[in-house]
Structure formats: C-alpha cells, structure tokens
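Content type TSV, C-alpha atoms, from the file structure_19.tsv:
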```tsv
chain	number	residue	atom	x	y	z
E	126	MET	CA	35.26	-31.01	10.89
E	127	THR	CA	31.75	-29.59	10.82
E	128	THR	CA	29.94	-26.84	12.70
E	129	GLN	CA	26.28	-26.63	13.56
E	130	ARG	CA	24.30	-23.69	12.21
E	131	GLN	CA	20.64	-22.70	12.44
E	132	GLN	CA	18.13	-21.93	9.73
E	133	ILE	CA	14.91	-20.11	10.64
E	134	LEU	CA	11.63	-20.34	8.75
E	135	ILE	CA	8.71	-18.11	9.71
E	136	LEU	CA	5.28	-18.98	8.39
E	137	TRP	CA	2.15	-16.87	8.68
E	138	LEU	CA	-0.89	-19.12	8.50
E	139	ALA	CA	-4.56	-18.59	7.75
E	140	SER	CA	-5.63	-19.40	11.30
E	141	SER	CA	-4.24	-20.42	14.67
E	142	SER	CA	-4.10	-24.05	13.54
E	143	LEU	CA	-0.84	-25.44	12.18
E	144	ASP	CA	-2.56	-27.31	9.37
E	145	THR	CA	-3.91	-24.21	7.67
E	146	ARG	CA	-2.69	-22.46	4.55
E	147	VAL	CA	0.53	-20.44	4.37
E	148	LEU	CA	-0.20	-16.75	3.71
E	149	GLY	CA	3.35	-15.51	3.99
E	150	TRP	CA	6.84	-16.67	4.82
E	151	ALA	CA	10.39	-15.58	5.59
E	152	PHE	CA	13.70	-17.43	5.67
E	153	HIS	CA	16.91	-16.61	7.54
E	154	ASP	CA	19.95	-18.69	6.82
E	155	GLY	CA	22.60	-19.17	9.48
E	156	THR	CA	24.54	-21.41	7.08
E	157	ALA	CA	25.19	-18.47	4.73
E	158	GLY	CA	24.06	-20.52	1.76
E	159	ALA	CA	25.86	-23.75	2.65
E	160	GLY	CA	22.66	-25.50	3.68
E	161	PRO	CA	19.58	-26.37	1.60
E	162	GLN	CA	17.50	-23.41	0.48
E	163	PRO	CA	13.72	-23.03	0.30
E	164	VAL	CA	12.18	-24.05	-3.00
E	165	GLY	CA	8.89	-22.64	-4.20
E	166	ASP	CA	6.72	-19.74	-3.15
E	167	PRO	CA	5.60	-20.66	-0.59
E	168	PRO	CA	8.05	-23.50	0.09
E	169	TYR	CA	5.40	-25.37	2.10
E	170	SER	CA	1.63	-25.34	1.89
E	171	THR	CA	0.92	-25.50	5.65
E	172	GLY	CA	2.77	-25.52	8.93
E	173	VAL	CA	2.38	-29.26	9.19
E	174	ASP	CA	3.82	-29.60	5.70
E	175	ALA	CA	6.98	-27.84	6.91
E	176	MET	CA	7.18	-30.21	9.88
E	177	THR	CA	7.02	-33.23	7.62
E	178	HIS	CA	10.08	-31.84	5.83
E	179	GLY	CA	12.15	-31.70	9.00
E	180	TRP	CA	11.40	-28.27	10.42
E	181	ARG	CA	10.91	-28.06	14.22
E	182	MET	CA	8.45	-25.48	15.44
E	183	ILE	CA	9.94	-23.39	18.25
E	184	GLN	CA	7.37	-20.63	18.71
E	185	MET	CA	3.79	-19.72	17.84
E	186	SER	CA	1.99	-16.44	18.39
E	187	PRO	CA	-0.33	-16.51	21.42
E	188	LEU	CA	-4.05	-15.96	21.17
E	189	LEU	CA	-4.68	-12.66	22.89
E	190	PRO	CA	-7.98	-10.85	23.31
E	191	ALA	CA	-8.20	-7.53	21.49
E	192	HIS	CA	-7.44	-4.38	23.43
E	193	PRO	CA	-10.70	-2.68	24.49
E	194	GLY	CA	-11.63	-0.12	21.88
E	195	GLN	CA	-9.43	-1.73	19.25
E	196	GLU	CA	-11.42	-4.90	18.65
E	197	ARG	CA	-11.93	-4.14	14.96
E	198	GLU	CA	-8.59	-2.61	14.09
E	199	THR	CA	-6.19	-4.58	11.94
E	200	SER	CA	-2.42	-4.51	12.00
E	201	PHE	CA	0.14	-7.33	11.87
E	202	LEU	CA	-0.59	-10.83	10.64
E	203	LYS	CA	-1.94	-12.77	13.58
E	204	HIS	CA	-0.82	-16.35	13.23
E	205	GLU	CA	2.95	-16.49	13.16
E	206	PHE	CA	4.83	-19.76	13.54
E	207	THR	CA	8.61	-19.96	13.78
E	208	PHE	CA	10.53	-23.10	12.82
E	209	GLU	CA	14.18	-24.05	12.93
E	210	ARG	CA	16.46	-26.70	11.64
E	211	ILE	CA	20.02	-27.30	12.76
E	212	LEU	CA	22.48	-28.28	10.07
E	213	ASP	CA	26.06	-29.48	10.05
E	214	VAL	CA	28.11	-27.30	7.75
E	215	PRO	CA	31.80	-27.54	6.84
O	123	MET	CA	1.75	26.36	-12.80
O	124	THR	CA	-0.72	28.66	-11.13
O	125	GLU	CA	-4.18	27.17	-11.41
O	126	ALA	CA	-5.76	24.20	-9.71
O	127	VAL	CA	-5.65	21.13	-11.89
O	128	THR	CA	-8.74	19.16	-12.80
O	129	GLY	CA	-9.39	16.30	-15.18
O	130	ALA	CA	-11.52	13.24	-15.75
O	131	LEU	CA	-13.04	12.37	-12.39
O	132	LEU	CA	-13.10	8.82	-11.11
O	133	ASN	CA	-16.33	6.85	-11.08
O	134	THR	CA	-17.87	5.11	-8.11
O	135	ASP	CA	-16.41	1.71	-8.93
O	136	GLN	CA	-12.89	3.17	-9.14
O	137	MET	CA	-13.35	4.87	-5.79
O	138	ALA	CA	-14.62	1.66	-4.25
O	139	ALA	CA	-11.65	-0.19	-5.70
O	140	PHE	CA	-9.32	2.35	-4.10
O	141	VAL	CA	-11.03	1.94	-0.73
O	142	SER	CA	-10.90	-1.83	-1.04
O	143	ARG	CA	-7.35	-2.38	-2.34
O	144	GLY	CA	-5.60	0.90	-1.55
O	145	PHE	CA	-4.44	1.84	-5.04
O	146	LEU	CA	-5.43	2.74	-8.56
O	147	ARG	CA	-3.20	2.07	-11.53
O	148	PHE	CA	-3.16	4.18	-14.69
O	149	ASP	CA	-1.10	2.47	-17.35
O	150	ALA	CA	0.89	4.55	-19.84
O	151	VAL	CA	-1.17	7.69	-19.30
O	152	VAL	CA	1.75	10.13	-19.27
O	153	PRO	CA	2.84	11.08	-22.81
O	154	ALA	CA	6.28	10.03	-24.02
O	155	GLU	CA	7.57	13.59	-24.21
O	156	ILE	CA	6.87	14.21	-20.52
O	157	ASN	CA	8.40	10.87	-19.60
O	158	ALA	CA	11.54	11.79	-21.52
O	159	GLN	CA	11.67	15.10	-19.68
O	160	ALA	CA	11.30	13.24	-16.40
O	161	MET	CA	14.24	11.01	-17.23
O	162	GLU	CA	16.31	14.19	-17.42
O	163	GLU	CA	14.84	15.98	-14.43
O	164	LEU	CA	14.05	13.31	-11.89
O	165	PRO	CA	17.62	12.19	-11.21
O	166	THR	CA	18.40	15.88	-10.69
O	167	LEU	CA	15.61	16.11	-8.16
O	168	PHE	CA	17.15	13.15	-6.38
O	169	ARG	CA	20.41	15.08	-6.08
O	170	ALA	CA	18.52	18.10	-4.80
O	171	TRP	CA	17.09	16.06	-1.99
O	172	LEU	CA	20.52	14.74	-1.10
O	173	ASP	CA	21.91	18.27	-1.02
O	174	GLU	CA	19.24	19.35	1.40
O	175	PHE	CA	19.68	16.24	3.50
O	176	ARG	CA	23.40	16.92	3.78
O	177	GLY	CA	22.76	20.56	4.52
O	178	PRO	CA	25.54	22.55	2.86
O	179	ALA	CA	23.66	23.99	-0.12
O	180	SER	CA	23.83	27.77	-0.29
O	181	ASP	CA	20.13	27.90	-1.11
O	182	PRO	CA	18.45	24.71	0.12
O	183	ALA	CA	15.45	25.31	-2.12
O	184	VAL	CA	17.46	25.18	-5.30
O	185	ASP	CA	19.52	22.36	-6.70
O	186	THR	CA	22.64	23.88	-8.17
O	187	ALA	CA	23.06	21.01	-10.61
O	188	GLY	CA	19.83	21.61	-12.45
O	189	GLY	CA	18.21	24.71	-11.03
O	190	VAL	CA	15.15	22.69	-10.06
O	191	PRO	CA	13.43	24.07	-6.97
O	192	LEU	CA	12.27	21.84	-4.16
O	193	PRO	CA	8.76	22.74	-3.00
O	194	ARG	CA	8.29	23.52	0.64
O	195	SER	CA	5.89	21.20	2.41
O	196	GLY	CA	2.42	22.69	2.42
O	197	THR	CA	2.74	24.40	-0.94
O	198	MET	CA	-0.41	24.17	-3.02
O	199	LEU	CA	0.15	21.64	-5.77
O	200	ALA	CA	-0.84	24.26	-8.32
O	201	HIS	CA	2.07	26.45	-7.16
O	202	ALA	CA	4.62	23.82	-6.19
O	203	TYR	CA	6.42	23.23	-9.47
O	204	PRO	CA	7.37	25.39	-12.45
O	205	GLU	CA	4.67	25.19	-15.10
O	206	HIS	CA	6.85	23.41	-17.63
O	207	SER	CA	8.57	21.04	-15.20
O	208	ALA	CA	8.03	17.30	-15.49
O	209	PHE	CA	6.15	16.98	-12.21
O	210	ALA	CA	3.83	19.89	-13.09
O	211	ARG	CA	3.09	18.42	-16.49
O	212	MET	CA	2.51	14.94	-15.09
O	213	VAL	CA	-0.11	16.05	-12.57
O	214	ARG	CA	-1.96	17.89	-15.36
O	215	VAL	CA	-2.43	14.70	-17.41
O	216	PRO	CA	-6.25	14.40	-17.42
O	217	GLU	CA	-6.40	10.89	-15.96
O	218	VAL	CA	-3.96	11.84	-13.20
O	219	ALA	CA	-5.53	15.23	-12.49
O	220	GLY	CA	-8.99	13.67	-12.32
O	221	ALA	CA	-7.85	11.00	-9.90
O	222	ILE	CA	-6.13	13.58	-7.67
O	223	ALA	CA	-9.24	15.75	-7.65
O	224	SER	CA	-11.45	12.75	-6.87
O	225	LEU	CA	-9.31	11.52	-4.00
O	226	VAL	CA	-7.95	14.63	-2.29
O	227	GLY	CA	-9.76	17.51	-4.00
O	228	ILE	CA	-8.71	20.15	-6.48
O	229	ASP	CA	-6.49	22.06	-4.07
O	230	PRO	CA	-4.18	19.58	-2.32
O	231	VAL	CA	-0.81	20.62	-0.99
O	232	VAL	CA	2.50	18.94	-1.62
O	233	ASP	CA	3.78	17.00	1.36
O	234	HIS	CA	7.05	16.09	-0.35
O	235	HIS	CA	8.38	14.31	-3.37
O	236	PHE	CA	11.13	11.77	-3.55
O	237	VAL	CA	12.90	10.29	-6.52
O	238	HIS	CA	13.83	6.65	-6.13
O	239	LEU	CA	16.70	5.39	-8.26
O	240	LYS	CA	17.47	1.71	-8.41
O	241	LYS	CA	20.77	1.04	-10.11
O	242	PRO	CA	21.17	-1.84	-12.55
O	243	GLY	CA	22.29	-4.96	-10.76
O	244	ASP	CA	21.34	-3.63	-7.33
O	245	LEU	CA	19.91	-6.77	-5.76
O	246	THR	CA	19.08	-5.19	-2.41
O	247	ALA	CA	15.53	-5.90	-1.30
O	248	GLN	CA	14.31	-3.07	0.88
O	249	GLY	CA	12.32	-4.13	3.90
O	250	LEU	CA	8.57	-3.86	3.63
O	251	HIS	CA	7.31	-0.63	5.19
O	252	CYS	CA	4.65	2.03	5.06
O	253	ASP	CA	5.54	5.68	4.89
O	254	ALA	CA	5.44	8.08	7.85
O	255	ILE	CA	3.93	6.74	11.08
O	256	ILE	CA	0.79	5.10	12.41
O	257	ASP	CA	-2.14	7.13	11.17
O	258	HIS	CA	-5.54	7.55	12.77
O	259	GLY	CA	-8.78	8.84	11.31
O	260	GLN	CA	-10.34	8.43	7.92
O	261	ALA	CA	-8.86	11.41	6.04
O	262	PHE	CA	-5.99	10.20	3.91
O	263	ASP	CA	-3.11	11.35	1.76
O	264	ILE	CA	-2.24	9.90	-1.59
O	265	GLN	CA	1.12	9.02	-3.04
O	266	LEU	CA	1.72	9.05	-6.78
O	267	PHE	CA	4.34	6.60	-8.03
O	268	TRP	CA	5.35	7.62	-11.54
O	269	PHE	CA	7.39	5.24	-13.67
O	270	PRO	CA	8.57	7.31	-16.68
O	271	HIS	CA	10.20	4.40	-18.51
O	272	ASP	CA	9.36	0.80	-19.30
O	273	VAL	CA	9.97	-1.50	-16.34
O	274	SER	CA	10.23	-5.18	-17.16
O	275	PRO	CA	9.53	-7.88	-14.55
O	276	GLY	CA	12.44	-8.09	-12.13
O	277	ALA	CA	13.84	-4.71	-13.13
O	278	GLY	CA	13.32	-2.97	-9.79
O	279	GLY	CA	9.59	-2.29	-9.95
O	280	THR	CA	8.21	-1.39	-6.55
O	281	ARG	CA	6.89	-4.21	-4.38
O	282	PHE	CA	3.51	-3.51	-2.79
O	283	VAL	CA	0.80	-5.41	-0.94
O	284	PRO	CA	-2.76	-4.77	-2.13
O	285	GLY	CA	-5.22	-4.34	0.70
O	286	SER	CA	-2.64	-3.40	3.33
O	287	HIS	CA	-3.44	0.30	3.49
O	288	LEU	CA	-5.86	0.25	6.43
O	289	ARG	CA	-3.67	-1.77	8.79
O	290	HIS	CA	-2.25	0.14	11.73
O	291	VAL	CA	1.48	-0.46	11.65
O	292	ASN	CA	4.47	1.80	12.08
O	293	MET	CA	7.03	2.24	9.31
O	294	ASP	CA	9.27	-0.81	8.90
O	295	ASP	CA	7.89	-2.86	11.78
O	296	ILE	CA	6.56	-5.05	8.95
O	297	SER	CA	9.95	-5.72	7.36
O	298	ARG	CA	9.75	-9.29	8.66
O	299	TYR	CA	7.27	-10.13	5.90
O	300	GLN	CA	9.61	-11.25	3.12
O	301	HIS	CA	6.91	-12.93	1.05
O	302	LEU	CA	3.14	-12.44	1.15
O	303	ALA	CA	0.60	-14.17	-1.05
O	304	GLY	CA	-0.83	-11.81	-3.63
O	305	GLU	CA	1.82	-9.13	-3.29
O	306	GLU	CA	2.81	-7.39	-6.49
O	307	TYR	CA	6.04	-6.22	-8.05
O	308	TYR	CA	5.38	-3.40	-10.45
O	309	SER	CA	6.22	-3.85	-14.11
O	310	GLY	CA	4.70	-1.94	-16.95
O	311	THR	CA	4.90	0.55	-19.75
O	312	ALA	CA	6.48	3.99	-19.61
O	313	GLY	CA	4.20	6.67	-18.25
O	314	THR	CA	2.35	4.51	-15.76
O	315	VAL	CA	1.20	6.17	-12.55
O	316	ILE	CA	-0.01	4.25	-9.52
O	317	ILE	CA	-1.83	6.23	-6.87
O	318	PHE	CA	-1.59	4.71	-3.41
O	319	HIS	CA	-3.39	5.37	-0.15
O	320	GLN	CA	-0.77	6.60	2.33
O	321	GLY	CA	-0.88	3.38	4.32
O	322	MET	CA	0.10	1.01	1.52
O	323	TRP	CA	2.85	-1.46	2.47
O	324	HIS	CA	5.63	-1.25	-0.11
O	325	ALA	CA	9.35	-1.68	-0.65
O	326	GLY	CA	12.09	-1.13	-3.18
O	327	ALA	CA	12.80	-4.30	-5.12
O	328	PRO	CA	15.98	-5.79	-6.61
O	329	ASN	CA	16.89	-4.58	-10.07
O	330	ARG	CA	18.11	-7.56	-12.06
O	331	SER	CA	18.20	-5.62	-15.31
O	332	ASP	CA	21.02	-3.62	-16.87
O	333	THR	CA	19.12	-0.31	-16.84
O	334	LEU	CA	18.56	2.32	-14.18
O	335	ARG	CA	15.08	2.22	-12.65
O	336	VAL	CA	13.68	5.69	-12.03
O	337	MET	CA	10.52	6.39	-10.08
O	338	GLY	CA	9.14	9.72	-8.96
O	339	LYS	CA	7.01	9.69	-5.83
O	340	LEU	CA	4.78	12.60	-4.90
O	341	ARG	CA	2.79	12.75	-1.65
O	342	LEU	CA	-0.25	15.03	-1.53
O	343	ASN	CA	-2.31	16.11	1.49
O	344	PRO	CA	-5.98	17.04	1.16
O	345	THR	CA	-7.07	20.49	2.33
O	346	GLN	CA	-10.78	19.77	2.25
O	347	ARG	CA	-13.14	17.13	3.58
O	348	GLN	CA	-12.95	14.22	1.13
O	349	LEU	CA	-16.71	14.11	0.62
O	350	ARG	CA	-18.17	12.93	-2.70
O	351	LEU	CA	-15.38	14.48	-4.75
O	352	TRP	CA	-15.61	11.98	-7.61
O	353	ASP	CA	-18.24	11.62	-10.34
O	354	THR	CA	-21.11	10.38	-8.18
O	355	ALA	CA	-23.67	10.05	-10.98
O	356	ASP	CA	-23.83	6.29	-10.42
O	357	LEU	CA	-23.43	6.34	-6.63
O	358	ASP	CA	-27.04	6.04	-5.51
O	359	GLU	CA	-27.77	2.96	-7.59
O	360	ARG	CA	-24.67	1.19	-6.26
O	361	ASN	CA	-24.72	2.33	-2.65
O	362	ARG	CA	-26.97	-0.26	-0.99
O	363	ALA	CA	-26.45	-0.64	2.75
O	364	ASP	CA	-28.25	-3.99	2.88
O	365	ASP	CA	-26.06	-5.86	0.40
O	366	HIS	CA	-25.26	-8.91	2.48
O	367	PHE	CA	-23.20	-11.88	1.37
O	368	PHE	CA	-25.12	-14.27	3.64
O	369	ALA	CA	-28.51	-12.87	2.63
O	370	LEU	CA	-29.07	-11.01	-0.63
O	371	SER	CA	-26.17	-9.54	-2.55
O	372	GLU	CA	-25.88	-8.14	-6.04
O	373	GLN	CA	-23.10	-7.68	-8.53
O	374	GLY	CA	-22.03	-4.13	-9.16
O	375	THR	CA	-22.80	-2.72	-5.73
O	376	VAL	CA	-20.20	-0.85	-3.74
O	377	ALA	CA	-20.45	-3.59	-1.13
O	378	SER	CA	-19.55	-6.25	-3.68
O	379	ARG	CA	-16.32	-4.37	-4.30
O	380	LEU	CA	-15.57	-3.64	-0.65
O	381	ARG	CA	-15.95	-7.23	0.54
O	382	GLY	CA	-13.19	-8.46	-1.75
O	383	SER	CA	-10.47	-10.40	0.04
O	384	GLU	CA	-6.74	-10.61	-0.64
O	385	PRO	CA	-4.73	-13.85	-0.78
O	386	TRP	CA	-2.73	-12.85	2.32
O	387	PHE	CA	-5.76	-12.09	4.51
O	388	GLU	CA	-6.64	-14.42	7.35
O	389	PRO	CA	-10.36	-15.20	6.94
O	390	SER	CA	-11.16	-13.75	10.35
O	391	VAL	CA	-9.26	-10.54	9.65
O	392	HIS	CA	-10.92	-10.23	6.26
O	393	ARG	CA	-14.17	-9.47	8.07
O	394	LEU	CA	-12.48	-6.76	10.10
O	395	GLU	CA	-10.99	-5.30	6.94
O	396	THR	CA	-14.48	-5.18	5.46
O	397	VAL	CA	-15.62	-3.16	8.46
O	398	GLN	CA	-12.67	-0.76	8.12
O	399	ARG	CA	-13.52	-0.24	4.45
O	400	ALA	CA	-17.17	0.40	5.31
O	401	HIS	CA	-16.07	3.10	7.77
O	402	LEU	CA	-13.91	4.73	5.10
O	403	TRP	CA	-16.79	4.61	2.62
O	404	ARG	CA	-19.05	6.30	5.17
O	405	TYR	CA	-16.45	9.07	5.44
O	406	LEU	CA	-16.22	9.48	1.68
O	407	THR	CA	-19.97	9.51	1.10
O	408	GLY	CA	-21.31	11.03	4.31
O	409	ASP	CA	-23.68	8.08	4.47
O	410	GLU	CA	-23.51	6.97	8.11
O	411	GLY	CA	-25.92	4.12	7.43
O	412	PHE	CA	-23.74	2.43	4.84
O	413	ASP	CA	-22.66	-1.10	5.56
O	414	VAL	CA	-21.18	-4.21	3.99
O	415	ASP	CA	-22.52	-7.59	5.06
O	416	TRP	CA	-24.45	-6.12	7.99
O	417	TYR	CA	-21.50	-6.17	10.42
O	418	LEU	CA	-21.93	-2.55	11.52
O	419	THR	CA	-25.71	-2.43	11.29
O	420	ARG	CA	-26.42	-5.28	13.67
O	421	THR	CA	-23.95	-4.11	16.27
O	422	GLU	CA	-25.15	-0.53	16.07
O	423	HIS	CA	-28.74	-1.71	16.47
O	424	ARG	CA	-27.77	-3.67	19.57
O	425	ALA	CA	-25.81	-0.76	20.97
O	426	ALA	CA	-28.85	1.46	20.53
O	427	LEU	CA	-30.95	-1.05	22.46
O	428	ASP	CA	-28.35	-1.19	25.22
O	429	ALA	CA	-28.26	2.59	25.39
O	430	LYS	CA	-32.02	2.75	25.55
O	431	GLU	CA	-32.07	0.20	28.37
O	432	ALA	CA	-29.34	2.04	30.26
O	433	GLY	CA	-31.30	5.27	29.99
O	434	ARG	CA	-34.38	3.90	31.74
```
Just give me the structure as structure tokens.
Amino acid sequence: MTTQRQQILILWLASSSLDTRVLGWAFHDGTAGAGPQPVGDPPYSTGVDAMTHGWRMIQMSPLLPAHPGQERETSFLKHEFTFERILDVP
Amino acid sequence: MTEAVTGALLNTDQMAAFVSRGFLRFDAVVPAEINAQAMEELPTLFRAWLDEFRGPASDPAVDTAGGVPLPRSGTMLAHAYPEHSAFARMVRVPEVAGAIASLVGIDPVVDHHFVHLKKPGDLTAQGLHCDAIIDHGQAFDIQLFWFPHDVSPGAGGTRFVPGSHLRHVNMDDISRYQHLAGEEYYSGTAGTVIIFHQGMWHAGAPNRSDTLRVMGKLRLNPTQRQLRLWDTADLDERNRADDHFFALSEQGTVASRLRGSEPWFEPSVHRLETVQRAHLWRYLTGDEGFDVDWYLTRTEHRAALDAKEAGR
C-alpha cells in the first residue's frame, strides 16, 4: 500500500519569464527522504528545465508596480516560482 | 584599554568594495597568541551571555565562570574591554583598527558582542537572516566576525550573501532562500576577520568536522558622520561622476567597482542596487553629484526641469 506525498521546489529566476536562469532555489520534502532528491546546485538551469523533469508549477509571483516613493528600493528576490510533484511512497 | 584605537586606514578601492559587496575580509591578520587567548576566553563570553539571558546572575555584568565583564551597550570601544582581553587586543590589530576607523570612525561604541559556537557534527543549517530590523538611512554599523582558529570547508564557517547588505528585509523573513548563486561559506586560516555592513544576509552553517567552531562577533555603532574617514589620497582621481557603462567608462574608477553585479542579482534589480550604492557613496564622500552609469544624474536633471516648469 502506498501513500501520496508532496515535494515542493521553489526557484527564483532572473526575470519574470520561466525560461530564464535560476538564481536561487529551495526544496521541501514531504516524503521525508523516501522520494528522489535534487541533484546539483542548482538542480535545474531554468524553470522550464524543471518542468521538463516532471515538476508542475503551482504559483508564480505577480508583477506589481513599486510602491510610490520606494521605486528604487530593493528587498526580496522578485521572480519566485513554486513547483510541486506528487509521489507515491510506501 | 583606554585610548581610541587607530591603524592602517583603508584605501578608496577597499571602501568602494565594501559599499559594493558589503564586506571586507582580512585573512590571518590576528596573531596566533591572541587567537589562542580567544579560544580560552570566547567560550566563556558565550556563557556570560547565557547567564544574562537567563537572568539569575548576581552581577549580570560579570561572568562568574571567567570573570570576563560584558560591556554595556553604548560603551566606547576603547573602554569596553579590559586592555589585555582577547577582544581588546583583536581590535588593536593594525589592519582591524584601521578598517574600524575608516568605516565607523575612531570612537565607535559597542552595540553588543556575541560568541557563536558550532559543535562538531551539528548539521543544523540556520535560516538566512540579517541582524536587528529593517534599517533606513545611509549611516551604518559594522559587525566584525573573528575566526580565531582554522576553519576548513564544511566545518561550520558562516554562510553569507555578498551584495545583500542594502536590501530592505526584516530579520529571518529571508530564511526561505536555502541556496543562492554566489553565496559564500567562510573557510580560512586562524585569525581571519571579516567586517560586514549591518545588513549582510548570513546564517550559521552545518559543522561537518570533528572540531568546535568558534566565532566572535562584535557590532559597533558609529558616533560621528561617516564622511571621508579612510585614506582619501586617491579619491579624487577615482571619483568620476560621469563613468558610464553605456558611454565612456574606465578601469579603476569608483564607479567600476560599484557597478559590479552578483550571481544572484536579477538584471533589473542590479541597476537598482547600483543606485543604492551610489547613494551610499554620496553619503561617505559628501559628493552629492556622484553617480554610476548616469541613473541618478538624468533623473535629477529631469526633476529639476519639472520643478522649474511647476514654478512658473
């Protein structure tokens, strides 16, 4: 008997387009190590590269205009894409 | 320790590197004897902090285990530590003293110190964070990270993200960033001191070695305007405001240093970072006309035209 568990991959990309370079990444493993693990740093070169390896994108950061007066301030990385894959685990 | 400490001042390129990347690294500058003393004293200072945190110490300014006093926040650096203590001796090392004087002046005050111990085999990866809260304005504190023993790769050397110091984020709101291109994990020779801008993103890293990792962190606040405190002999020749990547640019200018990108920067945000660095350089030099790649100049010229039109 198997149970379904979720893995989450977050990629921060160079622009708002999915086919641009990975600048950063994070992985959260709902299989507690039973499922396949990311290989390489980064594990994928672009968002599209992750999709071709079976990851489903479930969220992307919206494009929001800067707050008036804060147009030139910098803070968090802007282009965040969240992916999941659902795995059967024992 | 009763007198202000001075030493070899930074040069303009070192200051520009600090503004651009948020840190300066001084490898193996602290003599072995002081490092050995630190390996005795710093763990004691860690206990002192715990005692104060827990509250029951009879005299919260004194650690009963080692008799090492904790400085009160706001104490002048020159008066904060006993003359022969490890911290006092470290900040008198000429390279360190000169960098402190160049960045925050000769009379900074101690904000606090903290001793970070990473036990052998502790594989916990602390979440990425910056210290304190969101900061506004150009005046800045510095934080000295002193590694008094050799730290091999993977042995718990602090993780940090070059170029992150000017981003407005609050504490560990950035812990989501597990991996960023170009981030560094410290490793190096005993006696290395890294001086960070207060805003640097950093985190404790796993210690895969079989030795304790000791690091002493000291935060200093300036008490004077941070205006041309370094050795500015070469400033004028490097300080061109019209150095423009898309027009005419030269090697060796301050602008050439300040426009440097980091592997984790989005290209669009890189331009905004350049502007933030130019603002900080204006603060440090008092040169309100300074610019990198003309971003500020053209917008300020247009704003002046708008203001003139509005005043008619």
*Who sits within 8 Å of region 183-200 of chain E, all atoms listed in the file, same chain under 4 positions skipped, as number ranges by chain*: E: 141, 204-209; O: 288-291, 391, 394-395, 397-398
Write out as CSV a residue-level contact list of chain E versus chain O with cut-off 12 Å: for each qualifying residue the closest pair of atoms and the distance in Å to one decimal, counting all atoms listed in the file, rows sorted by chain and residue number upward.
```
residue,atom,partner,partner_atom,distance
E:Leu134,CA,O:Gln300,CA,10.9
E:Ile135,CA,O:Arg298,CA,8.9
E:Leu136,CA,O:Tyr299,CA,9.4
E:Trp137,CA,O:Leu302,CA,8.8
E:Leu138,CA,O:Glu388,CA,7.5
E:Ala139,CA,O:Glu388,CA,4.7
E:Ser140,CA,O:Glu388,CA,6.4
E:Ser141,CA,O:Glu388,CA,9.8
E:Ser142,CA,O:Glu388,CA,11.7
E:Thr145,CA,O:Glu388,CA,10.2
E:Arg146,CA,O:Glu388,CA,9.4
E:Val147,CA,O:Ala303,CA,8.3
E:Leu148,CA,O:Trp386,CA,4.9
E:Gly149,CA,O:Leu302,CA,4.2
E:Trp150,CA,O:His301,CA,5.3
E:Ala151,CA,O:Gln300,CA,5.0
E:Phe152,CA,O:Gln300,CA,7.8
E:His153,CA,O:Gln300,CA,10.1
E:Gly165,CA,O:His301,CA,11.2
E:Asp166,CA,O:His301,CA,8.0
E:Pro167,CA,O:His301,CA,8.0
E:Pro168,CA,O:His301,CA,10.7
E:Ser170,CA,O:Ala303,CA,11.6
E:Gln195,CA,O:His290,CA,10.6
E:Glu196,CA,O:Leu394,CA,8.8
E:Arg197,CA,O:Leu394,CA,5.5
E:Glu198,CA,O:Leu394,CA,6.9
E:Thr199,CA,O:Arg289,CA,4.9
E:Ser200,CA,O:Arg289,CA,4.4
E:Phe201,CA,O:Val291,CA,7.0
E:Leu202,CA,O:Glu388,CA,7.8
E:Lys203,CA,O:Glu388,CA,8.0
E:His204,CA,O:Glu388,CA,8.5
E:Glu205,CA,O:Tyr299,CA,10.6
E:Thr207,CA,O:Arg298,CA,11.9
```
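One finds CA of Asp413 (chain O) at 15.6 Å from CA of Gln373 (chain O).
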*Could you check how far CA of Met176 (chain E) sits from CA of Arg130 (chain E), in Å to one decimal?*
18.5 Å
*Distance query Ala219 (chain O) at most 12 Å, only C-alpha atoms, self and fewer than 3 positions along chain excluded, as an MDAnalysis selection string*: chainID O and resid 126:132 148 151:152 199:200 209:216 222:230 266 315 317 352
Size and centre in Å, one decimal, axis-aligned box, all listed region 196-215 of chain E atoms plus 5 Å per side, as JSON:
```
{"center_x": 9.9, "center_y": -16.0, "center_z": 12.7, "size_x": 53.7, "size_y": 36.9, "size_z": 21.8}
```
*Between CA of Gln136 (chain O) and CA of Thr311 (chain O), what is the distance, to one decimal in Å?*
20.9 Å
_Please list as a PyMOL selection string every residue within 7 Å of Arg360 (chain O), counting all atoms listed in the file and excluding residues in the same chain fewer than 3 positions away._
chain O and resi 356-357+374-376
Within 10 Å of Trp403 (chain O) using only C-alpha atoms, minus same-chain residues under 6 positions, as a tab-separated table (two decimals) with C-alpha atoms, in the coordinates of the input:
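Final output, result.tsv:
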```tsv
chain	number	residue	atom	x	y	z
O	137	MET	CA	-13.35	4.87	-5.79
O	138	ALA	CA	-14.62	1.66	-4.25
O	141	VAL	CA	-11.03	1.94	-0.73
O	142	SER	CA	-10.90	-1.83	-1.04
O	260	GLN	CA	-10.34	8.43	7.92
O	349	LEU	CA	-16.71	14.11	0.62
O	350	ARG	CA	-18.17	12.93	-2.70
O	361	ASN	CA	-24.72	2.33	-2.65
O	376	VAL	CA	-20.20	-0.85	-3.74
O	377	ALA	CA	-20.45	-3.59	-1.13
O	380	LEU	CA	-15.57	-3.64	-0.65
O	397	VAL	CA	-15.62	-3.16	8.46
O	409	ASP	CA	-23.68	8.08	4.47
O	410	GLU	CA	-23.51	6.97	8.11
O	412	PHE	CA	-23.74	2.43	4.84
O	413	ASP	CA	-22.66	-1.10	5.56
O	414	VAL	CA	-21.18	-4.21	3.99
```
_Exercise: residues within 7 Å of coordinate (20.2, -24.0, 12.8), counting only C-alpha atoms, as a list in words_ = Gln129, Arg130, Gln131, Gln132, Ile133, Gly155, Glu209, Arg210, Ile211 and Leu212 of chain E
Could you write out that same residue set with C-alpha atoms as an mmCIF file, keeping the file's coordinate frame?
```
data_model
loop_
_atom_site.group_PDB
_atom_site.id
_atom_site.type_symbol
_atom_site.label_atom_id
_atom_site.label_comp_id
_atom_site.auth_asym_id
_atom_site.auth_seq_id
_atom_site.Cartn_x
_atom_site.Cartn_y
_atom_site.Cartn_z
ATOM 1 C CA GLN E 129 26.280 -26.630 13.560
ATOM 2 C CA ARG E 130 24.300 -23.690 12.210
ATOM 3 C CA GLN E 131 20.640 -22.700 12.440
ATOM 4 C CA GLN E 132 18.130 -21.930 9.730
ATOM 5 C CA ILE E 133 14.910 -20.110 10.640
ATOM 6 C CA GLY E 155 22.600 -19.170 9.480
ATOM 7 C CA GLU E 209 14.180 -24.050 12.930
ATOM 8 C CA ARG E 210 16.460 -26.700 11.640
ATOM 9 C CA ILE E 211 20.020 -27.300 12.760
ATOM 10 C CA LEU E 212 22.480 -28.280 10.070
#
```
